[in-house]
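Novice: I'd like to ask you about the structure that follows.
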Amino acid sequence: MAFADVAASLALSNGSVSQGLRFLREFGAIKVVSVAGDRRELFAAETELRRLLVSALQTRLREPLESGSARLKALKKQLRSSSEPDRTFLNQRLDSLQTWHRKALLILPLVQRFLGSDRG
């Protein structure tokens, strides 16, 4: 489907369609296809469940987890030099979060490999 066809069939504004299509592309739920002689950008739904799951794992779990490592380290450093009254409690919570974070980073490649992803 072309952009205009999506907008017309859903009776949505161009802005809403643009945002929706961007989200679906980032999520891997649609892909851009080309048709000989047609200069428009056309979109097709991704119908293979495995590809959808792999894409969801990549965009919604792996990337945030990988960027989260640096944030957790920064929080730990900031908490060490803080005079926060609940510092001990917050430190325990942060330690717990870092433990879960490490476990998720260990398990994610196994899940991706199980799904047949070569990105694990």
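To be explicit about the labels: the chains of the structure tokens are called A, B, and onward in the order shown, and within each one the residues are counted from 1, while ligands get numbers from 1 in the order they are shown.
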If we count only C-alpha atoms, what is near Glu46 (chain A) at a cut-off of 12 Å, once residues fewer than 6 positions away on the same chain are taken out, given as a ChimeraX atom specification?
Specialist: /A:24-25,27-33,52-55
Novice: Selection from above, N, CA and C atoms, as a PDB file, in the first residue's frame, can you write it?
Specialist:
```pdb
ATOM      1  N   LEU A  24       5.720   1.380  12.942  1.00  0.00           N
ATOM      2  CA  LEU A  24       5.645   0.020  12.408  1.00  0.00           C
ATOM      3  C   LEU A  24       6.936  -0.387  11.700  1.00  0.00           C
ATOM      4  N   ARG A  25       7.567   0.554  11.018  1.00  0.00           N
ATOM      5  CA  ARG A  25       8.851   0.259  10.360  1.00  0.00           C
ATOM      6  C   ARG A  25       9.932  -0.014  11.394  1.00  0.00           C
ATOM      7  N   PHE A  27       9.578  -1.066  14.350  1.00  0.00           N
ATOM      8  CA  PHE A  27       9.225  -2.308  15.031  1.00  0.00           C
ATOM      9  C   PHE A  27       9.432  -3.524  14.139  1.00  0.00           C
ATOM     10  N   GLY A  28       9.530  -3.292  12.823  1.00  0.00           N
ATOM     11  CA  GLY A  28       9.711  -4.391  11.881  1.00  0.00           C
ATOM     12  C   GLY A  28       8.408  -5.024  11.449  1.00  0.00           C
ATOM     13  N   ALA A  29       7.290  -4.365  11.713  1.00  0.00           N
ATOM     14  CA  ALA A  29       5.981  -4.924  11.372  1.00  0.00           C
ATOM     15  C   ALA A  29       5.602  -4.657   9.919  1.00  0.00           C
ATOM     16  N   ILE A  30       6.250  -3.677   9.305  1.00  0.00           N
ATOM     17  CA  ILE A  30       6.053  -3.431   7.877  1.00  0.00           C
ATOM     18  C   ILE A  30       7.415  -3.226   7.234  1.00  0.00           C
ATOM     19  N   LYS A  31       7.445  -3.425   5.927  1.00  0.00           N
ATOM     20  CA  LYS A  31       8.681  -3.197   5.187  1.00  0.00           C
ATOM     21  C   LYS A  31       8.352  -2.394   3.943  1.00  0.00           C
ATOM     22  N   VAL A  32       9.339  -1.666   3.468  1.00  0.00           N
ATOM     23  CA  VAL A  32       9.181  -0.877   2.250  1.00  0.00           C
ATOM     24  C   VAL A  32       9.465  -1.792   1.073  1.00  0.00           C
ATOM     25  N   VAL A  33       8.572  -1.757   0.099  1.00  0.00           N
ATOM     26  CA  VAL A  33       8.748  -2.560  -1.111  1.00  0.00           C
ATOM     27  C   VAL A  33       8.722  -1.633  -2.320  1.00  0.00           C
ATOM     28  N   LEU A  52       8.967 -10.902  13.159  1.00  0.00           N
ATOM     29  CA  LEU A  52       8.371  -9.896  14.039  1.00  0.00           C
ATOM     30  C   LEU A  52       8.921  -9.993  15.459  1.00  0.00           C
ATOM     31  N   LEU A  53       9.026 -11.208  15.969  1.00  0.00           N
ATOM     32  CA  LEU A  53       9.544 -11.404  17.322  1.00  0.00           C
ATOM     33  C   LEU A  53      11.003 -10.995  17.429  1.00  0.00           C
ATOM     34  N   VAL A  54      11.799 -11.368  16.446  1.00  0.00           N
ATOM     35  CA  VAL A  54      13.213 -11.001  16.462  1.00  0.00           C
ATOM     36  C   VAL A  54      13.363  -9.483  16.430  1.00  0.00           C
ATOM     37  N   SER A  55      12.583  -8.836  15.595  1.00  0.00           N
ATOM     38  CA  SER A  55      12.636  -7.378  15.503  1.00  0.00           C
ATOM     39  C   SER A  55      12.196  -6.724  16.816  1.00  0.00           C
TER      40      SER A  55
END
```
Novice: Taking the DSSP assignment computed from this structure's backbone, write out as a PyMOL selection string all residues of chain A that belong to alpha helix (DSSP H).
Specialist: chain A and resi 3-10+14-27+49-56+63-80+87-114
Novice: One decimal, Å: what's the distance from CA of Phe89 (chain A) over to CA of Glu63 (chain A), could you say?
Specialist: 28.3 Å
Novice: For region 93-107 of chain A, work out the shell of residues within 8 Å, counting only C-alpha atoms and skipping chain neighbours fewer than 3 positions away, then give it as an MDAnalysis selection string.
Specialist: chainID A and resid 62 65:66 69 72 76 89:90 110:111
Novice: Could you write those residues out with C-alpha atoms, as a compact mmCIF listing (two decimals), in the first residue's frame?
Specialist:
```txt
# COMPACT_ATOMS: atom_id res chain seq x y z
CA ARG A 62 18.26 -5.49 23.29
CA LEU A 65 19.29 -3.03 27.66
CA GLU A 66 22.60 -2.25 26.00
CA SER A 69 24.36 -0.44 31.20
CA LEU A 72 23.08 2.11 35.64
CA LYS A 76 25.70 3.93 40.90
CA PHE A 89 17.88 1.46 50.43
CA LEU A 90 18.46 3.01 46.99
CA LEU A 110 19.71 -17.40 23.89
CA VAL A 111 16.16 -16.32 23.07
```
Novice: Just list as a ChimeraX atom specification whatever in chain A DSSP marks as strand (DSSP E or B).
Specialist: /A:2,30-35,38-45
Novice: Rounded to one decimal place, report the CA of Ser18 (chain A)-CA of Arg40 (chain A) distance in Å.
Specialist: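 For CA of Ser18 (chain A) relative to CA of Arg40 (chain A), the distance reads 14.3 Å.
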Novice: Report the distance between CA of Thr59 (chain A) and CA of Leu108 (chain A) in Å, rounded to one decimal place.
Specialist: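 The value is 12.3 Å.
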Novice: Taking 5 positions as the minimum chain separation for residues in the same chain, which residues sit within 7 Å of region 2-17 of chain A when counting only C-alpha atoms? Answer as a ChimeraX atom specification.
Specialist: /A:40-43
